[in-house]
>>> print(open('input-v8.cif').read())   # mmCIF, C-alpha atoms
data_upload
#
loop_
_atom_site.label_atom_id
_atom_site.label_comp_id
_atom_site.auth_asym_id
_atom_site.auth_seq_id
_atom_site.Cartn_x
_atom_site.Cartn_y
_atom_site.Cartn_z
CA MET A 49 20.84 21.99 -52.53
CA VAL A 50 18.57 24.46 -54.30
CA ASN A 51 19.50 28.08 -54.98
CA TYR A 52 17.04 30.92 -55.21
CA PRO A 53 18.74 33.59 -57.25
CA HIS A 54 15.44 35.43 -57.53
CA GLN A 55 15.56 36.38 -53.88
CA VAL A 56 18.29 38.84 -54.70
CA SER A 57 16.82 40.40 -57.81
CA ARG A 58 13.40 40.67 -56.21
CA LYS A 59 14.52 43.28 -53.71
CA ALA A 60 15.49 45.55 -56.56
CA ILE A 61 12.16 45.08 -58.26
CA ILE A 62 9.73 45.51 -55.39
CA PRO A 63 10.08 49.28 -54.78
CA SER A 64 9.21 50.18 -58.36
CA VAL A 65 6.00 48.15 -58.39
CA ARG A 66 4.82 48.83 -54.85
CA SER A 67 2.57 51.65 -55.97
CA GLU A 68 0.67 49.40 -58.37
CA LYS A 69 -2.59 47.84 -57.35
CA LYS A 70 -1.60 44.28 -58.25
CA GLU A 71 0.60 42.07 -56.13
CA VAL A 72 4.14 41.31 -57.19
CA ASP A 73 3.77 38.68 -59.87
CA PHE A 74 6.42 36.10 -60.75
CA ALA A 75 6.56 37.80 -64.17
CA ASN A 76 7.88 40.91 -62.43
CA ARG A 77 10.72 38.74 -61.25
CA GLY A 78 11.58 37.66 -64.79
CA MET A 79 9.98 34.24 -64.49
CA THR A 80 7.71 32.47 -66.89
CA PHE A 81 4.69 30.57 -65.59
CA GLU A 82 6.50 27.25 -66.03
CA THR A 83 9.59 28.54 -64.26
CA ALA A 84 7.43 29.74 -61.38
CA ILE A 85 5.86 26.28 -61.03
CA ASN A 86 9.24 24.59 -61.12
CA GLU A 87 10.62 27.06 -58.57
CA SER A 88 7.66 26.34 -56.31
CA ASN A 89 8.21 22.59 -56.66
CA ASN A 90 11.91 23.06 -55.85
CA TYR A 91 10.92 25.08 -52.81
CA TYR A 92 8.52 22.39 -51.60
CA LEU A 93 11.15 19.70 -52.20
CA ALA A 94 13.94 21.59 -50.44
CA HIS A 95 11.68 22.23 -47.43
CA GLY A 96 10.49 18.62 -47.24
CA LYS A 97 6.90 19.65 -47.92
CA ALA A 98 6.20 17.67 -51.09
CA VAL A 99 7.89 15.73 -53.88
CA ILE A 100 6.42 17.01 -57.14
CA HIS A 101 8.22 16.94 -60.48
CA LYS A 102 7.51 17.90 -64.05
CA LYS A 103 7.55 14.87 -66.30
CA PRO A 104 10.03 14.86 -69.17
CA THR A 105 8.73 16.03 -72.55
CA PRO A 106 7.51 12.94 -74.43
CA VAL A 107 9.66 12.37 -77.49
CA GLN A 108 9.44 9.68 -80.14
CA ILE A 109 13.02 8.70 -80.89
CA VAL A 110 13.57 7.52 -84.46
CA LYS A 111 17.32 7.49 -85.02
CA VAL A 112 20.32 7.49 -82.70
CA ASP A 113 23.97 7.82 -83.73
CA TYR A 114 26.79 6.41 -81.63
CA PRO A 115 29.83 8.52 -82.47
CA LYS A 116 33.19 7.06 -81.44
CA ARG A 117 34.35 8.06 -77.98
CA SER A 118 31.30 10.19 -77.30
CA ARG A 119 27.84 9.67 -75.97
CA ALA A 120 24.82 8.58 -77.99
CA LYS A 121 23.34 11.36 -80.09
CA ILE A 122 19.69 11.43 -81.07
CA VAL A 123 19.55 12.71 -84.66
CA GLU A 124 15.88 12.19 -85.49
CA ALA A 125 13.02 12.51 -83.04
CA TYR A 126 9.58 14.08 -82.82
CA PHE A 127 7.47 15.62 -80.10
CA ARG A 128 4.57 13.45 -78.97
CA HIS A 129 1.34 14.52 -77.29
CA ALA A 130 1.43 13.79 -73.56
CA SER A 131 -0.99 11.03 -72.58
CA THR A 132 -1.08 12.21 -68.98
CA THR A 133 -0.59 15.53 -67.22
CA ASP A 134 2.69 17.40 -66.88
CA TYR A 135 3.18 17.34 -63.12
CA SER A 136 2.80 14.64 -60.52
CA GLY A 137 4.05 13.71 -57.09
CA VAL A 138 3.22 13.12 -53.46
CA TYR A 139 2.18 15.41 -50.63
CA LYS A 140 1.56 13.96 -47.14
CA GLY A 141 0.72 10.61 -48.74
CA TYR A 142 -1.70 12.16 -51.24
CA TYR A 143 -1.15 11.64 -54.92
CA ILE A 144 -0.93 15.02 -56.69
CA ASP A 145 -1.47 15.34 -60.43
CA PHE A 146 -1.90 18.52 -62.43
CA GLU A 147 -1.59 20.33 -65.72
CA ALA A 148 -0.69 24.01 -66.20
CA LYS A 149 -2.00 26.30 -68.92
CA GLU A 150 -1.71 29.99 -69.57
CA THR A 151 -3.44 32.48 -71.83
CA ARG A 152 -3.16 36.17 -72.71
CA GLN A 153 -6.93 36.38 -72.96
CA LYS A 154 -8.69 38.35 -70.23
CA THR A 155 -12.06 36.67 -70.07
CA ALA A 156 -11.62 32.97 -70.85
CA MET A 157 -9.28 29.97 -71.14
CA PRO A 158 -9.48 28.30 -74.59
CA MET A 159 -10.42 24.67 -74.15
CA LYS A 160 -8.21 23.60 -77.06
CA ASN A 161 -5.45 23.68 -74.43
CA PHE A 162 -6.79 20.38 -73.06
CA HIS A 163 -6.65 17.11 -74.96
CA ALA A 164 -9.25 14.38 -74.63
CA HIS A 165 -6.73 11.87 -73.23
CA GLN A 166 -5.63 14.34 -70.58
CA ILE A 167 -9.22 14.84 -69.48
CA GLU A 168 -9.64 11.06 -69.39
CA HIS A 169 -6.45 10.73 -67.35
CA MET A 170 -7.72 13.26 -64.79
CA ALA A 171 -10.98 11.32 -64.47
CA GLN A 172 -8.99 8.12 -63.91
CA VAL A 173 -6.91 9.81 -61.22
CA LEU A 174 -10.04 11.06 -59.42
CA HIS A 175 -11.47 7.54 -59.59
CA GLN A 176 -8.34 6.34 -57.74
CA LYS A 177 -8.84 9.07 -55.13
CA GLY A 178 -5.88 11.10 -56.33
CA ILE A 179 -5.86 14.90 -56.17
CA SER A 180 -6.06 16.33 -59.67
CA PHE A 181 -6.41 19.92 -60.84
CA VAL A 182 -5.23 22.49 -63.35
CA LEU A 183 -3.26 25.67 -62.72
CA LEU A 184 -4.63 28.38 -65.01
CA HIS A 185 -2.62 31.54 -65.52
CA PHE A 186 -4.06 34.68 -67.09
CA SER A 187 -0.88 36.56 -67.96
CA THR A 188 -2.52 39.86 -68.91
CA LEU A 189 -4.62 39.89 -65.75
CA LYS A 190 -1.72 38.57 -63.67
CA GLU A 191 -4.06 36.10 -62.02
CA THR A 192 -3.57 32.39 -61.43
CA TYR A 193 -6.26 29.92 -60.41
CA LEU A 194 -6.30 26.36 -59.14
CA LEU A 195 -9.32 24.65 -60.68
CA PRO A 196 -10.19 21.14 -59.37
CA ALA A 197 -10.20 18.54 -62.16
CA GLN A 198 -13.86 17.69 -61.62
CA ALA A 199 -14.88 21.24 -62.57
CA LEU A 200 -12.75 21.04 -65.72
CA ILE A 201 -14.19 17.62 -66.63
CA ASP A 202 -17.75 18.87 -66.08
CA PHE A 203 -17.15 21.84 -68.35
CA TYR A 204 -15.36 19.73 -70.99
CA GLN A 205 -18.30 17.36 -71.23
CA ILE A 206 -20.68 20.15 -72.28
CA ASP A 207 -19.38 20.10 -75.84
CA LYS A 208 -16.13 18.09 -75.72
CA GLY A 209 -13.84 21.06 -75.43
CA GLY A 210 -15.23 23.18 -78.23
CA LYS A 211 -15.88 26.27 -76.10
CA SER A 212 -13.70 28.56 -74.12
CA MET A 213 -14.03 28.36 -70.35
CA HIS A 214 -15.14 31.77 -69.06
CA ILE A 215 -13.15 33.23 -66.18
CA ASP A 216 -16.36 33.58 -64.18
CA TYR A 217 -16.72 29.78 -64.23
CA ILE A 218 -13.10 29.44 -63.10
CA ARG A 219 -13.60 31.98 -60.30
CA GLN A 220 -16.78 30.24 -59.20
CA HIS A 221 -15.33 26.70 -59.09
CA GLY A 222 -11.65 27.42 -58.53
CA PHE A 223 -9.40 29.24 -56.11
CA GLU A 224 -7.11 32.16 -56.81
CA ILE A 225 -3.49 31.62 -55.88
CA LYS A 226 -2.08 34.65 -54.11
CA MET A 227 1.30 35.56 -55.47
CA GLY A 228 4.05 37.79 -54.22
CA GLY A 229 5.76 35.58 -51.66
CA TYR A 230 7.67 32.32 -51.59
CA PRO A 231 7.12 30.03 -53.25
CA SER A 232 5.98 32.01 -56.26
CA LEU A 233 2.86 29.89 -56.69
CA PRO A 234 1.80 28.53 -53.29
CA TYR A 235 -0.67 26.02 -54.72
CA LEU A 236 -0.09 23.42 -51.99
CA GLU A 237 -1.57 25.86 -49.49
CA ILE A 238 -4.77 25.92 -51.59
CA ILE A 239 -4.87 22.12 -51.61
CA GLU A 240 -4.38 22.04 -47.85
CA GLU A 241 -6.98 24.71 -47.05
CA LYS A 242 -9.58 24.30 -49.76
CA LEU A 243 -9.43 20.71 -50.99
CA LEU A 244 -8.31 18.71 -47.94
CA GLY A 245 -9.42 20.97 -45.10
CA GLY A 246 -12.47 22.42 -46.76
CA LYS A 247 -14.09 19.03 -47.43
CA ASN A 248 -14.28 19.88 -51.13
CA PHE A 249 -12.00 16.98 -51.97
CA GLU A 250 -14.74 14.41 -52.57
CA LYS A 251 -17.13 16.77 -54.33
CA MET B 30 -9.57 0.51 -75.11
CA VAL B 31 -6.58 -1.72 -74.47
CA ASN B 32 -5.82 -4.82 -76.49
CA TYR B 33 -4.12 -7.88 -75.10
CA PRO B 34 -2.64 -9.66 -78.10
CA HIS B 35 -0.65 -11.88 -75.74
CA GLN B 36 -3.80 -13.64 -74.60
CA VAL B 37 -3.94 -15.33 -77.97
CA SER B 38 -0.31 -16.27 -78.34
CA ARG B 39 -0.14 -17.48 -74.76
CA LYS B 40 -2.41 -20.44 -75.44
CA ALA B 41 -0.01 -21.68 -78.05
CA ILE B 42 2.94 -21.37 -75.69
CA ILE B 43 1.65 -22.89 -72.47
CA PRO B 44 1.56 -26.59 -73.49
CA SER B 45 5.23 -26.64 -74.45
CA VAL B 46 6.40 -25.26 -71.10
CA ARG B 47 3.96 -26.99 -68.80
CA SER B 48 6.39 -29.79 -68.05
CA GLU B 49 9.02 -27.35 -66.79
CA LYS B 50 9.44 -26.72 -63.10
CA LYS B 51 9.23 -22.96 -63.39
CA GLU B 52 6.01 -21.06 -63.88
CA VAL B 53 5.20 -19.52 -67.23
CA ASP B 54 7.33 -16.41 -67.35
CA PHE B 55 6.50 -13.32 -69.41
CA ALA B 56 9.68 -14.10 -71.36
CA ASN B 57 8.02 -17.29 -72.55
CA ARG B 58 5.35 -15.07 -74.02
CA GLY B 59 7.90 -13.05 -75.98
CA MET B 60 7.84 -10.10 -73.61
CA THR B 61 10.72 -8.16 -72.17
CA PHE B 62 10.66 -7.13 -68.51
CA GLU B 63 9.71 -3.57 -69.45
CA THR B 64 6.92 -4.77 -71.75
CA ALA B 65 5.59 -6.96 -68.96
CA ILE B 66 5.48 -3.99 -66.58
CA ASN B 67 3.73 -1.82 -69.16
CA GLU B 68 1.25 -4.61 -69.92
CA SER B 69 0.52 -4.95 -66.21
CA ASN B 70 0.00 -1.19 -65.92
CA ASN B 71 -2.35 -1.26 -68.93
CA TYR B 72 -4.23 -4.12 -67.29
CA TYR B 73 -4.61 -2.19 -64.03
CA LEU B 74 -5.70 0.93 -65.92
CA ALA B 75 -8.24 -0.89 -68.11
CA HIS B 76 -9.72 -2.60 -65.03
CA GLY B 77 -9.91 0.62 -63.03
CA LYS B 78 -7.50 -0.74 -60.42
CA ALA B 79 -4.72 1.83 -60.63
CA VAL B 80 -3.34 4.64 -62.77
CA ILE B 81 0.37 3.99 -63.16
CA HIS B 82 2.47 5.16 -66.10
CA LYS B 83 6.07 5.00 -67.21
CA LYS B 84 7.56 8.47 -67.42
CA PRO B 85 8.93 9.57 -70.78
CA THR B 86 12.66 9.09 -71.33
CA PRO B 87 14.40 12.32 -70.29
CA VAL B 88 16.00 13.92 -73.31
CA GLN B 89 18.02 17.12 -73.56
CA ILE B 90 16.87 18.79 -76.77
CA VAL B 91 19.58 20.88 -78.44
CA LYS B 92 18.35 21.60 -81.96
CA VAL B 93 14.94 21.49 -83.63
CA ASP B 94 14.21 21.98 -87.31
CA TYR B 95 10.89 23.27 -88.55
CA PRO B 96 10.55 21.94 -92.11
CA LYS B 97 7.86 23.56 -94.25
CA ARG B 98 4.45 21.92 -94.07
CA SER B 99 5.60 19.25 -91.66
CA ARG B 100 5.93 18.91 -87.93
CA ALA B 101 8.91 19.98 -85.86
CA LYS B 102 11.86 17.61 -86.13
CA ILE B 103 14.40 17.22 -83.36
CA VAL B 104 17.80 16.86 -85.03
CA GLU B 105 20.12 17.01 -82.03
CA ALA B 106 19.33 15.66 -78.59
CA TYR B 107 20.95 13.60 -75.86
CA PHE B 108 19.78 11.14 -73.25
CA ARG B 109 19.78 12.49 -69.72
CA HIS B 110 19.94 10.58 -66.44
CA ALA B 111 16.55 10.36 -64.82
CA SER B 112 16.38 12.39 -61.61
CA THR B 113 13.46 10.36 -60.32
CA THR B 114 12.19 6.83 -60.83
CA ASP B 115 10.68 5.46 -64.05
CA TYR B 116 7.15 4.66 -62.89
CA SER B 117 4.62 6.53 -60.80
CA GLY B 118 0.91 6.78 -60.26
CA VAL B 119 -1.96 6.31 -57.87
CA TYR B 120 -3.62 3.26 -56.35
CA LYS B 121 -6.61 3.69 -54.01
CA GLY B 122 -5.36 7.16 -53.13
CA TYR B 123 -1.82 5.93 -52.40
CA TYR B 124 1.08 7.42 -54.29
CA ILE B 125 3.04 4.65 -56.05
CA ASP B 126 6.62 5.20 -57.20
CA PHE B 127 9.06 2.59 -58.45
CA GLU B 128 12.07 1.72 -60.53
CA ALA B 129 12.63 -1.55 -62.42
CA LYS B 130 15.96 -3.26 -62.97
CA GLU B 131 16.99 -6.59 -64.40
CA THR B 132 20.14 -8.66 -64.45
CA ARG B 133 21.35 -11.91 -65.98
CA GLN B 134 23.32 -12.63 -62.83
CA LYS B 135 22.05 -15.46 -60.65
CA THR B 136 23.19 -14.40 -57.22
CA ALA B 137 23.10 -10.61 -57.00
CA MET B 138 21.81 -7.32 -58.43
CA PRO B 139 24.67 -4.91 -59.28
CA MET B 140 24.15 -1.67 -57.35
CA LYS B 141 25.53 0.39 -60.22
CA ASN B 142 21.97 0.08 -61.58
CA PHE B 143 20.89 2.68 -59.03
CA HIS B 144 21.98 6.31 -59.12
CA ALA B 145 22.46 8.45 -56.04
CA HIS B 146 19.71 10.89 -57.05
CA GLN B 147 17.25 8.03 -57.52
CA ILE B 148 18.01 6.73 -54.03
CA GLU B 149 17.55 10.26 -52.70
CA HIS B 150 14.25 10.57 -54.57
CA MET B 151 12.98 7.32 -53.02
CA ALA B 152 13.88 8.58 -49.55
CA GLN B 153 11.99 11.82 -50.26
CA VAL B 154 8.94 9.84 -51.38
CA LEU B 155 9.00 7.72 -48.22
CA HIS B 156 9.25 10.91 -46.15
CA GLN B 157 6.02 12.10 -47.83
CA LYS B 158 4.38 8.74 -46.99
CA GLY B 159 4.40 7.55 -50.59
CA ILE B 160 4.84 3.88 -51.47
CA SER B 161 8.21 3.36 -53.11
CA PHE B 162 9.94 0.16 -54.18
CA VAL B 163 11.99 -1.50 -56.89
CA LEU B 164 11.03 -4.39 -59.13
CA LEU B 165 14.08 -6.60 -59.57
CA HIS B 166 14.09 -9.20 -62.33
CA PHE B 167 16.62 -12.04 -62.50
CA SER B 168 16.21 -13.13 -66.12
CA THR B 169 18.29 -16.29 -65.88
CA LEU B 170 16.48 -17.44 -62.73
CA LYS B 171 13.13 -16.24 -64.09
CA GLU B 172 12.39 -14.66 -60.74
CA THR B 173 11.08 -11.17 -60.00
CA TYR B 174 11.03 -9.48 -56.62
CA LEU B 175 9.40 -6.41 -55.17
CA LEU B 176 11.86 -4.84 -52.75
CA PRO B 177 10.58 -1.95 -50.58
CA ALA B 178 12.61 1.22 -51.08
CA GLN B 179 13.70 1.34 -47.43
CA ALA B 180 15.54 -1.98 -47.81
CA LEU B 181 17.30 -0.66 -50.93
CA ILE B 182 18.22 2.61 -49.19
CA ASP B 183 19.56 0.74 -46.15
CA PHE B 184 21.74 -1.44 -48.37
CA TYR B 185 22.88 1.49 -50.50
CA GLN B 186 24.09 3.38 -47.45
CA ILE B 187 26.53 0.61 -46.51
CA ASP B 188 29.04 1.76 -49.09
CA LYS B 189 27.15 4.15 -51.39
CA GLY B 190 26.28 1.58 -54.00
CA GLY B 191 29.72 0.03 -54.50
CA LYS B 192 28.61 -3.53 -53.79
CA SER B 193 26.23 -5.92 -55.45
CA MET B 194 23.06 -6.72 -53.53
CA HIS B 195 22.94 -10.46 -52.87
CA ILE B 196 19.75 -12.26 -53.79
CA ASP B 197 19.51 -13.60 -50.23
CA TYR B 198 19.13 -10.01 -48.99
CA ILE B 199 16.44 -9.41 -51.61
CA ARG B 200 14.61 -12.61 -50.65
CA GLN B 201 14.83 -11.70 -46.97
CA HIS B 202 13.54 -8.12 -47.31
CA GLY B 203 11.47 -8.38 -50.49
CA PHE B 204 8.59 -10.38 -51.91
CA GLU B 205 8.64 -12.66 -54.93
CA ILE B 206 6.06 -11.81 -57.59
CA LYS B 207 4.33 -14.93 -58.84
CA MET B 208 4.10 -14.93 -62.60
CA GLY B 209 2.06 -16.96 -65.05
CA GLY B 210 -1.29 -15.19 -64.93
CA TYR B 211 -2.71 -11.80 -65.74
CA PRO B 212 -1.36 -9.29 -65.40
CA SER B 213 2.13 -10.62 -66.13
CA LEU B 214 3.59 -8.98 -63.06
CA PRO B 215 0.90 -8.69 -60.37
CA TYR B 216 2.89 -6.30 -58.18
CA LEU B 217 -0.16 -4.40 -56.90
CA GLU B 218 -1.30 -7.58 -55.19
CA ILE B 219 2.01 -7.62 -53.27
CA ILE B 220 1.49 -4.00 -52.24
CA GLU B 221 -2.03 -4.77 -51.09
CA GLU B 222 -1.13 -7.93 -49.15
CA LYS B 223 2.35 -7.24 -47.88
CA LEU B 224 2.81 -3.48 -47.64
CA LEU B 225 -0.68 -2.16 -46.86
CA GLY B 226 -2.33 -5.20 -45.28
CA GLY B 227 0.76 -6.55 -43.58
CA LYS B 228 1.44 -3.32 -41.71
CA ASN B 229 4.92 -3.18 -43.18
CA PHE B 230 4.16 0.12 -44.86
CA GLU B 231 5.32 2.38 -42.05
CA LYS B 232 8.39 0.32 -41.14
#
>>> encode(input="input-v8.cif", output="structure tokens")
Amino acid sequence: MVNYPHQVSRKAIIPSVRSEKKEVDFANRGMTFETAINESNNYYLAHGKAVIHKKPTPVQIVKVDYPKRSRAKIVEAYFRHASTTDYSGVYKGYYIDFEAKETRQKTAMPMKNFHAHQIEHMAQVLHQKGISFVLLHFSTLKETYLLPAQALIDFYQIDKGGKSMHIDYIRQHGFEIKMGGYPSLPYLEIIEEKLLGGKNFEK
Amino acid sequence: MVNYPHQVSRKAIIPSVRSEKKEVDFANRGMTFETAINESNNYYLAHGKAVIHKKPTPVQIVKVDYPKRSRAKIVEAYFRHASTTDYSGVYKGYYIDFEAKETRQKTAMPMKNFHAHQIEHMAQVLHQKGISFVLLHFSTLKETYLLPAQALIDFYQIDKGGKSMHIDYIRQHGFEIKMGGYPSLPYLEIIEEKLLGGKNFEK
């Protein structure tokens, strides 16, 4: 059902980077952060491990044409801000809900990446005992972290998102996702080990 | 946070329909089926009972213009078929996932309303122990049913969606949603009483 063309190209890439200190990153395999998340979700779906999808981009449709003998064509529309997070789904009965953000900065994640209504949504999800978090990718460092939503909400409330979130805070409250295998971003393993197994879920 | 303008207009409507046999339907209050679902979801959200949202309409964006000093304008886009269901969220830690369909027919719901990939998605959700169902509205009858996904999947597999699903089958395997109060479509109460409380969840 799902093809993994990257499995082929990866073999060609690995030898040249093996001498580097860092693990093989999905970027080495020509993938963007978003592609790596989608590939991981496809992997989980194909292996019956979880059903997690990216929500469609919210668009405000203003005008639609109906040309003869062809399908409806949207000719005027605008991007809307998402009122929730980008990804959601189910894993072993647990509701999973997360947002993904990346930065080229080496020391912090700018908080302007998170909107007030998204923070509110995460708080609502936690109140309903859902599992909510953010995946934070530092592209220059080639590091990706899973930060539980509560830690993000706590930080956001300091000054309503005005500051940047220092990577030390993320390292202290989050969990690094080890890359280099399949799926590209094994974030479910973090949820299983750290959030569900490690009793940090209710913190 | 959420306004309920219908609470005002409802008072004016009730007296004129009180003599009818049927309960006050959301249609009597000027609402479409979709509006009634969204109003119910807003009600649940505002009362801290559940976090359930409609997903954005999937759109394939082909061309975007960036006019000077104004926001990006999508000038060519097309509607895509949804690969999942329209609504999802979390209720008391349970993953909730459903699709809503309506018909003017009095005796059956046409199965062409359901796409193969949506049926597959529902089966995947059930496999992950999520709660999946369809809300089926018969506008002429003014009746709405919650049908668990497994009953829909069973019926679909008879001839891959070629037939209509008779209302007797829906009444036998589903649960009627009583309308006339707030929220307009109290479907969470059905989940609580019939699916979670009634031990039908794992069937």
>>> residues_around(input="input-v8.cif", residues="B:Glu218", least_positions_apart="5", cutoff="10 Å", atoms="all atoms listed in the file", output="list in words")
Ile206, Lys207, Lys223, Leu224 and Leu225 of chain B
>>> atom_distance(input="input-v8.cif", atom1="atom CA of B:Ile187", atom2="atom CA of B:His110")
23.2 Å
>>> residues_around(input="input-v8.cif", residues="A:Asn90", least_positions_apart="4", cutoff="12 Å", atoms="only C-alpha atoms", output="list in words")
Met49, Val50, Asn51, Tyr52, Thr83, Ala84, Ile85, Asn86, Ala94, His95, Gly96, Lys97, Ala98, Val99, Ile100, His101, Lys102, Tyr230, Pro231, Ser232, Leu233 and Pro234 of chain A
>>> atom_distance(input="input-v8.cif", atom1="atom CA of B:Leu181", atom2="atom CA of B:Tyr120")
22.0 Å
>>> atom_distance(input="input-v8.cif", atom1="atom CA of B:Gln157", atom2="atom CA of A:Glu150")
29.2 Å
>>> closest_residue(input="input-v8.cif", among="A:Ala130, A:Met227, A:Ile239, A:Met213", to="A:Phe74", atoms="all atoms listed in the file")
A:Met227
>>> residues_near_point(input="input-v8.cif", point="(21.3, 15.9, -70.1)", cutoff="8 Å", atoms="only C-alpha atoms", output="VMD selection string")
chain B and resid 87 to 89 107 to 110
>>> write_last_selection(input="input-v8.cif", atoms="C-alpha atoms", output="PDB file, in the coordinates of the input")
ATOM      1  CA  PRO B  87      14.400  12.320 -70.290  1.00  0.00           C
ATOM      2  CA  VAL B  88      16.000  13.920 -73.310  1.00  0.00           C
ATOM      3  CA  GLN B  89      18.020  17.120 -73.560  1.00  0.00           C
ATOM      4  CA  TYR B 107      20.950  13.600 -75.860  1.00  0.00           C
ATOM      5  CA  PHE B 108      19.780  11.140 -73.250  1.00  0.00           C
ATOM      6  CA  ARG B 109      19.780  12.490 -69.720  1.00  0.00           C
ATOM      7  CA  HIS B 110      19.940  10.580 -66.440  1.00  0.00           C
TER       8      HIS B 110
END
>>> closest_atom_pairs(input="input-v8.cif", of="chain A", to="chain B", cutoff="7 Å", atoms="only C-alpha atoms", output="Markdown table")
| residue | atom | partner | partner_atom | distance |
| --- | --- | --- | --- | --- |
| A:Ala98 | CA | B:Gln157 | CA | 6.5 |
| A:Val99 | CA | B:Val154 | CA | 6.5 |
| A:Lys103 | CA | B:Lys84 | CA | 6.5 |
| A:Pro104 | CA | B:Pro87 | CA | 5.2 |
| A:Thr105 | CA | B:Pro85 | CA | 6.7 |
| A:Pro106 | CA | B:Pro85 | CA | 5.2 |
| A:Ala120 | CA | B:Tyr107 | CA | 6.7 |
| A:Lys121 | CA | B:Tyr107 | CA | 5.4 |
| A:Ile122 | CA | B:Ala106 | CA | 4.9 |
| A:Val123 | CA | B:Val104 | CA | 4.5 |
| A:Glu124 | CA | B:Val104 | CA | 5.1 |
| A:Ala125 | CA | B:Ile103 | CA | 4.9 |
| A:Tyr126 | CA | B:Lys102 | CA | 5.3 |
| A:Val138 | CA | B:Tyr124 | CA | 6.1 |
| A:Tyr139 | CA | B:Gln157 | CA | 5.8 |
| A:Lys140 | CA | B:Gln157 | CA | 4.9 |
| A:Gly141 | CA | B:Lys158 | CA | 4.5 |
| A:Tyr142 | CA | B:Tyr124 | CA | 6.3 |
| A:Tyr143 | CA | B:Tyr124 | CA | 4.8 |
| A:Gln172 | CA | B:Val80 | CA | 6.7 |
| A:Val173 | CA | B:Val80 | CA | 6.5 |
| A:Gln176 | CA | B:Lys121 | CA | 4.9 |
| A:Lys177 | CA | B:Gly122 | CA | 4.4 |
| A:Gly178 | CA | B:Gly122 | CA | 5.1 |
>>> residues_around(input="input-v8.cif", residues="B:Ala137", least_positions_apart="2", cutoff="8 Å", atoms="all atoms listed in the file", output="list in words")
Gln134, Lys135, Pro139, Ser193, Met194, His195 and Ile196 of chain B
>>> closest_residue(input="input-v8.cif", among="A:Ala171, A:Ala164, A:Leu183, A:Met157", to="A:Asp134", atoms="only C-alpha atoms")
A:Leu183
>>> resolve_selection(input="input-v8.cif", expression="the PyMOL selection byres ((chain A and resi 194-198) around 10)", output="PyMOL selection string")
chain A and resi 145-148+167+170-171+173-174+179-185+192-193+199-204+217-225+235-236+238-239+243+248-251
